>>> print(open('run_19.tsv').read())   # TSV, C-alpha atoms
chain	number	residue	atom	x	y	z
A	1043	MET	CA	-106.71	-44.72	-21.33
A	1044	ALA	CA	-104.27	-45.33	-18.48
A	1045	LYS	CA	-100.86	-43.76	-18.90
A	1046	LEU	CA	-98.09	-46.30	-19.37
A	1047	GLY	CA	-95.20	-46.29	-16.94
A	1048	LYS	CA	-91.68	-45.45	-18.04
A	1049	ARG	CA	-90.45	-49.05	-17.80
A	1050	THR	CA	-93.46	-50.41	-19.70
A	1051	ARG	CA	-93.01	-47.87	-22.49
A	1052	ALA	CA	-89.32	-48.69	-22.76
A	1053	THR	CA	-90.05	-52.43	-22.95
A	1054	ARG	CA	-92.64	-52.00	-25.67
A	1055	GLU	CA	-90.37	-49.72	-27.67
A	1056	ALA	CA	-87.54	-52.26	-27.42
A	1057	VAL	CA	-89.60	-55.00	-29.10
A	1058	ALA	CA	-91.57	-52.82	-31.52
A	1059	GLY	CA	-91.25	-54.02	-35.11
A	1060	LYS	CA	-89.24	-57.10	-34.15
A	1061	GLU	CA	-91.08	-60.23	-35.27
A	1062	ASN	CA	-90.32	-63.84	-36.14
A	1063	LEU	CA	-86.97	-63.73	-34.41
A	1064	SER	CA	-84.73	-66.74	-33.97
A	1065	VAL	CA	-84.91	-68.37	-30.55
A	1066	SER	CA	-81.46	-66.97	-29.72
A	1067	ASP	CA	-82.35	-63.40	-30.68
A	1068	ALA	CA	-85.71	-63.56	-28.89
A	1069	VAL	CA	-84.13	-64.84	-25.67
A	1070	ALA	CA	-81.43	-62.15	-25.78
A	1071	LEU	CA	-84.04	-59.42	-26.30
A	1072	ILE	CA	-86.31	-60.64	-23.53
A	1073	LYS	CA	-83.48	-61.07	-21.03
A	1074	ALA	CA	-82.21	-57.57	-21.78
A	1075	ASN	CA	-85.63	-56.09	-21.05
A	1076	ALA	CA	-86.55	-58.15	-17.97
A	1077	THR	CA	-85.84	-55.26	-15.61
A	1078	ALA	CA	-88.36	-55.87	-12.82
A	1079	LYS	CA	-87.10	-55.97	-9.25
A	1080	PHE	CA	-87.67	-59.74	-9.09
A	1081	ASP	CA	-86.43	-62.64	-11.19
A	1082	GLU	CA	-89.02	-62.71	-13.94
A	1083	THR	CA	-90.31	-65.98	-15.39
A	1084	ILE	CA	-89.72	-66.54	-19.09
A	1085	GLU	CA	-93.03	-67.67	-20.55
A	1086	ILE	CA	-93.82	-69.38	-23.84
A	1087	SER	CA	-97.13	-69.42	-25.71
A	1088	LEU	CA	-97.91	-71.66	-28.67
A	1089	ASN	CA	-100.90	-71.03	-30.91
A	1090	LEU	CA	-101.94	-74.40	-32.29
A	1091	GLY	CA	-104.22	-75.35	-35.14
A	1092	VAL	CA	-106.52	-77.43	-32.95
A	1093	ASP	CA	-109.96	-77.14	-31.38
A	1094	PRO	CA	-109.68	-78.70	-27.90
A	1095	ARG	CA	-113.47	-78.97	-27.67
A	1096	HIS	CA	-113.08	-82.08	-29.83
A	1097	ALA	CA	-111.59	-85.07	-28.01
A	1098	ASP	CA	-109.39	-86.03	-30.97
A	1099	GLN	CA	-107.83	-82.55	-31.02
A	1100	MET	CA	-106.92	-82.22	-27.34
A	1101	VAL	CA	-103.25	-81.50	-26.69
A	1102	ARG	CA	-101.84	-82.30	-23.26
A	1103	GLY	CA	-98.72	-83.84	-21.78
A	1104	THR	CA	-95.63	-83.25	-19.70
A	1105	VAL	CA	-92.01	-82.39	-20.36
A	1106	ASN	CA	-88.97	-82.51	-18.11
A	1107	LEU	CA	-87.13	-79.28	-18.81
A	1108	PRO	CA	-83.39	-80.06	-18.95
A	1109	ASN	CA	-82.50	-77.03	-16.84
A	1110	GLY	CA	-85.54	-76.91	-14.56
A	1111	THR	CA	-88.03	-74.08	-14.17
A	1112	GLY	CA	-86.25	-72.03	-11.54
A	1113	ARG	CA	-89.29	-72.04	-9.28
A	1114	THR	CA	-90.10	-73.94	-6.12
A	1115	VAL	CA	-93.01	-76.31	-6.70
A	1116	ARG	CA	-95.18	-77.32	-3.76
A	1117	VAL	CA	-96.53	-80.84	-4.22
A	1118	ALA	CA	-99.56	-82.42	-2.56
A	1119	VAL	CA	-100.07	-86.18	-2.59
A	1120	PHE	CA	-103.24	-88.13	-1.84
A	1121	ALA	CA	-102.05	-91.45	-0.45
A	1122	ARG	CA	-102.25	-93.75	2.54
A	1123	GLY	CA	-99.89	-96.01	4.44
A	1124	GLU	CA	-96.69	-97.03	2.72
A	1125	LYS	CA	-97.34	-94.83	-0.31
A	1126	ALA	CA	-97.85	-91.81	1.94
A	1127	ASP	CA	-94.50	-92.55	3.58
A	1128	GLU	CA	-92.84	-92.83	0.14
A	1129	ALA	CA	-94.29	-89.47	-0.89
A	1130	LYS	CA	-92.99	-87.78	2.26
A	1131	ALA	CA	-89.55	-89.32	1.80
A	1132	ALA	CA	-89.47	-88.06	-1.81
A	1133	GLY	CA	-90.08	-84.50	-0.66
A	1134	ALA	CA	-93.85	-84.01	-0.96
A	1135	ASP	CA	-94.96	-80.88	0.88
A	1136	ILE	CA	-98.44	-82.11	1.81
A	1137	VAL	CA	-99.60	-85.71	2.17
A	1138	GLY	CA	-103.03	-86.91	3.22
A	1139	ALA	CA	-106.31	-88.61	2.37
A	1140	GLU	CA	-109.74	-87.59	3.72
A	1141	ASP	CA	-108.09	-84.93	5.85
A	1142	LEU	CA	-106.46	-83.36	2.79
A	1143	MET	CA	-109.77	-83.55	0.91
A	1144	GLU	CA	-111.48	-81.61	3.69
A	1145	THR	CA	-108.70	-79.01	3.68
A	1146	VAL	CA	-109.10	-78.45	-0.06
A	1147	GLN	CA	-112.90	-78.38	0.21
A	1148	GLY	CA	-112.46	-75.69	2.85
A	1149	GLY	CA	-110.73	-73.49	0.31
A	1150	THR	CA	-107.08	-74.02	1.25
A	1151	ILE	CA	-105.04	-75.00	-1.81
A	1152	ASP	CA	-101.44	-74.48	-0.79
A	1153	PHE	CA	-99.80	-76.48	-3.60
A	1154	ASP	CA	-98.86	-76.25	-7.27
A	1155	ARG	CA	-99.07	-79.94	-8.27
A	1156	CYS	CA	-101.41	-82.67	-7.08
A	1157	ILE	CA	-100.58	-86.38	-7.25
A	1158	ALA	CA	-102.72	-89.33	-6.20
A	1159	THR	CA	-102.53	-93.10	-6.01
A	1160	PRO	CA	-105.30	-94.82	-8.01
A	1161	ASP	CA	-107.16	-95.96	-4.88
A	1162	MET	CA	-107.47	-92.32	-3.78
A	1163	MET	CA	-109.36	-91.20	-6.90
A	1164	PRO	CA	-112.86	-91.76	-5.42
A	1165	ILE	CA	-111.88	-89.18	-2.80
A	1166	VAL	CA	-110.03	-86.85	-5.16
A	1167	GLY	CA	-112.91	-87.08	-7.64
A	1168	ARG	CA	-115.10	-85.14	-5.21
A	1169	LEU	CA	-112.74	-82.21	-5.65
A	1170	GLY	CA	-113.14	-81.98	-9.43
A	1171	LYS	CA	-114.98	-78.65	-9.32
A	1172	VAL	CA	-112.23	-77.17	-7.15
A	1173	LEU	CA	-109.08	-78.67	-8.67
A	1174	GLY	CA	-110.25	-78.92	-12.29
A	1175	PRO	CA	-110.47	-75.17	-13.06
A	1176	ARG	CA	-106.99	-74.74	-11.55
A	1177	ASN	CA	-105.55	-77.52	-13.73
A	1178	LEU	CA	-104.59	-79.41	-10.57
A	1179	MET	CA	-106.76	-82.51	-10.99
A	1180	PRO	CA	-104.58	-85.67	-11.00
A	1181	ASN	CA	-104.66	-87.43	-14.36
A	1182	PRO	CA	-103.06	-90.74	-15.38
A	1183	LYS	CA	-102.31	-89.31	-18.85
A	1184	VAL	CA	-99.76	-86.92	-17.36
A	1185	GLY	CA	-98.46	-89.28	-14.68
A	1186	THR	CA	-100.13	-87.70	-11.66
A	1187	VAL	CA	-102.31	-90.74	-10.92
A	1188	THR	CA	-99.72	-93.38	-10.17
A	1189	MET	CA	-98.49	-95.94	-7.67
A	1190	ASP	CA	-94.95	-94.61	-8.14
A	1191	VAL	CA	-95.56	-91.50	-6.08
A	1192	ALA	CA	-91.87	-91.03	-5.30
A	1193	GLU	CA	-90.95	-90.69	-8.96
A	1194	ALA	CA	-93.91	-88.37	-9.61
A	1195	VAL	CA	-92.94	-86.11	-6.70
A	1196	GLN	CA	-89.30	-85.99	-7.79
A	1197	ALA	CA	-90.32	-85.16	-11.37
A	1198	ALA	CA	-92.58	-82.33	-10.22
A	1199	LYS	CA	-89.85	-80.94	-7.98
A	1200	GLY	CA	-87.17	-81.38	-10.64
A	1201	GLY	CA	-88.59	-79.22	-13.40
A	1202	GLN	CA	-91.38	-81.23	-15.00
A	1203	VAL	CA	-93.92	-78.99	-16.72
A	1204	GLN	CA	-97.47	-79.95	-17.59
A	1205	PHE	CA	-99.20	-78.45	-20.61
A	1206	LYS	CA	-102.75	-78.47	-21.90
A	1207	ALA	CA	-104.38	-76.64	-24.78
A	1208	GLU	CA	-106.94	-74.05	-23.73
A	1209	LYS	CA	-110.21	-73.33	-25.57
A	1210	ALA	CA	-108.55	-71.19	-28.23
A	1211	GLY	CA	-105.89	-73.82	-28.91
A	1212	VAL	CA	-103.20	-72.01	-26.94
A	1213	VAL	CA	-100.61	-73.80	-24.83
A	1214	HIS	CA	-98.48	-71.78	-22.43
A	1215	ALA	CA	-95.96	-72.44	-19.68
A	1216	GLY	CA	-93.00	-71.03	-17.80
A	1217	VAL	CA	-89.70	-72.30	-19.19
A	1218	GLY	CA	-87.17	-70.73	-16.84
A	1219	LYS	CA	-86.13	-67.49	-15.21
A	1220	ALA	CA	-84.60	-64.32	-16.63
A	1221	SER	CA	-81.49	-65.04	-14.57
A	1222	PHE	CA	-80.86	-68.30	-16.48
A	1223	ASP	CA	-78.03	-68.38	-19.00
A	1224	ALA	CA	-79.33	-67.79	-22.52
A	1225	ALA	CA	-78.16	-71.23	-23.63
A	1226	LYS	CA	-80.12	-72.93	-20.83
A	1227	LEU	CA	-83.27	-71.00	-21.69
A	1228	GLU	CA	-82.91	-71.91	-25.36
A	1229	GLU	CA	-82.50	-75.57	-24.44
A	1230	ASN	CA	-85.62	-75.47	-22.25
A	1231	ILE	CA	-87.62	-73.70	-24.96
A	1232	ARG	CA	-86.73	-76.24	-27.62
A	1233	ALA	CA	-87.49	-79.12	-25.23
A	1234	PHE	CA	-90.92	-77.68	-24.54
A	1235	VAL	CA	-91.73	-77.03	-28.20
A	1236	ASP	CA	-90.54	-80.53	-29.10
A	1237	ALA	CA	-92.82	-82.07	-26.45
A	1238	VAL	CA	-95.84	-80.15	-27.75
A	1239	SER	CA	-94.94	-81.14	-31.32
A	1240	ARG	CA	-94.83	-84.82	-30.33
A	1241	ALA	CA	-98.22	-84.43	-28.63
A	1242	LYS	CA	-99.90	-83.53	-31.94
A	1243	PRO	CA	-103.34	-85.18	-31.86
A	1244	ALA	CA	-104.70	-87.41	-34.60
A	1245	GLY	CA	-107.53	-84.99	-35.32
A	1246	ALA	CA	-105.32	-81.96	-36.02
A	1247	LYS	CA	-105.83	-80.58	-39.52
A	1248	GLY	CA	-103.70	-78.15	-41.51
A	1249	THR	CA	-100.88	-76.24	-39.84
A	1250	TYR	CA	-100.36	-77.56	-36.33
A	1251	MET	CA	-97.98	-75.00	-34.84
A	1252	LYS	CA	-99.11	-71.58	-36.04
A	1253	LYS	CA	-97.25	-69.17	-33.79
A	1254	VAL	CA	-94.65	-69.19	-31.03
A	1255	SER	CA	-94.26	-66.25	-28.64
A	1256	LEU	CA	-91.94	-65.54	-25.73
A	1257	SER	CA	-92.22	-62.97	-22.97
A	1258	SER	CA	-91.11	-62.30	-19.42
A	1259	THR	CA	-93.55	-61.83	-16.53
A	1260	MET	CA	-93.60	-58.04	-16.85
A	1261	GLY	CA	-92.35	-57.75	-20.42
A	1262	ALA	CA	-93.89	-57.49	-23.86
A	1263	GLY	CA	-94.27	-60.54	-26.08
A	1264	VAL	CA	-91.95	-61.36	-28.96
A	1265	SER	CA	-92.89	-63.67	-31.82
A	1266	VAL	CA	-90.42	-66.43	-32.63
A	1267	ASP	CA	-89.83	-68.00	-36.01
A	1268	VAL	CA	-91.59	-71.38	-35.79
A	1269	ALA	CA	-88.84	-73.15	-37.76
A	1270	SER	CA	-86.21	-71.84	-35.34
A	1271	ALA	CA	-88.20	-73.08	-32.35
A	1272	THR	CA	-88.85	-76.52	-33.81
A	1273	GLY	CA	-85.38	-76.98	-35.29
A	1274	ASN	CA	-86.79	-77.48	-38.79
>>> encode(input="run_19.tsv", output="structure tokens")
Amino acid sequence: MAKLGKRTRATREAVAGKENLSVSDAVALIKANATAKFDETIEISLNLGVDPRHADQMVRGTVNLPNGTGRTVRVAVFARGEKADEAKAAGADIVGAEDLMETVQGGTIDFDRCIATPDMMPIVGRLGKVLGPRNLMPNPKVGTVTMDVAEAVQAAKGGQVQFKAEKAGVVHAGVGKASFDAAKLEENIRAFVDAVSRAKPAGAKGTYMKKVSLSSTMGAGVSVDVASATGN
């Protein structure tokens, strides 16, 4: 077994035996132990009582975090003509059509969010095997297939977070940086949890939100009291 480093041991010892904390206590603990040489991302994981393999139990959506994510998001837009111009004016980093498709097919994916106008979907659809596994495929359900490309670009740049349940029913996302004020992190966390709560699918049975955990990029996870996270 690999020997743990001094910082890793200290982080694990700091959270040992501390479970079901309030959001405030969990944020304070994680911030205090985010000691990497870079500004660590604060990450949230929700264990949900759903089986995403069934269509009526899929959980997905978006949320605009009130205090942003703290990271720079590179946005690519598939559009032509006037809509391409609107995307560029709104701050899109990459805009194109067939040329952008060829770039992506060639293995260059230099963006974090992909947006497309509806007429571009026959082209974008060819990239499903490339963009799909990276959760980058534009989807009208989360507002990334739209004629209002300017609004979509601004939302992506302004702190909008997409979420989607994975096979085990887990939803995770970054909700800020360790350098954020505790109050801003708490506000972002509650906004994210609220969005996932409102996205509860019709087919969900039993307890929907089973567990909430927080961690920093290099830190150990801390379980959060579900009632504290949901405000119930």
>>> residues_near_point(input="run_19.tsv", point="(-102.5, -85.2, -9.8)", cutoff="7 Å", atoms="all atoms listed in the file", output="list in words")
Arg1155, Cys1156, Ile1157, Ala1158, Leu1178, Met1179, Pro1180, Asn1181, Thr1186 and Val1187 of chain A
>>> closest_residue(input="run_19.tsv", among="A:Ser1221, A:Gln1204, A:Thr1111, A:Thr1188", to="Ala1074 (chain A)", atoms="all atoms listed in the file")
A:Ser1221
>>> atom_distance(input="run_19.tsv", atom1="CA of Val1213 (chain A)", atom2="CA of Thr1077 (chain A)")
25.4 Å
>>> residues_near_point(input="run_19.tsv", point="(-98.3, -90.3, -8.5)", cutoff="12 Å", atoms="only C-alpha atoms", output="PyMOL selection string")
chain A and resi 1117-1121+1125-1126+1128-1129+1132+1134+1137+1155-1163+1179-1198
>>> atom_distance(input="run_19.tsv", atom1="CA of Gly1263 (chain A)", atom2="CA of Ala1070 (chain A)")
12.9 Å
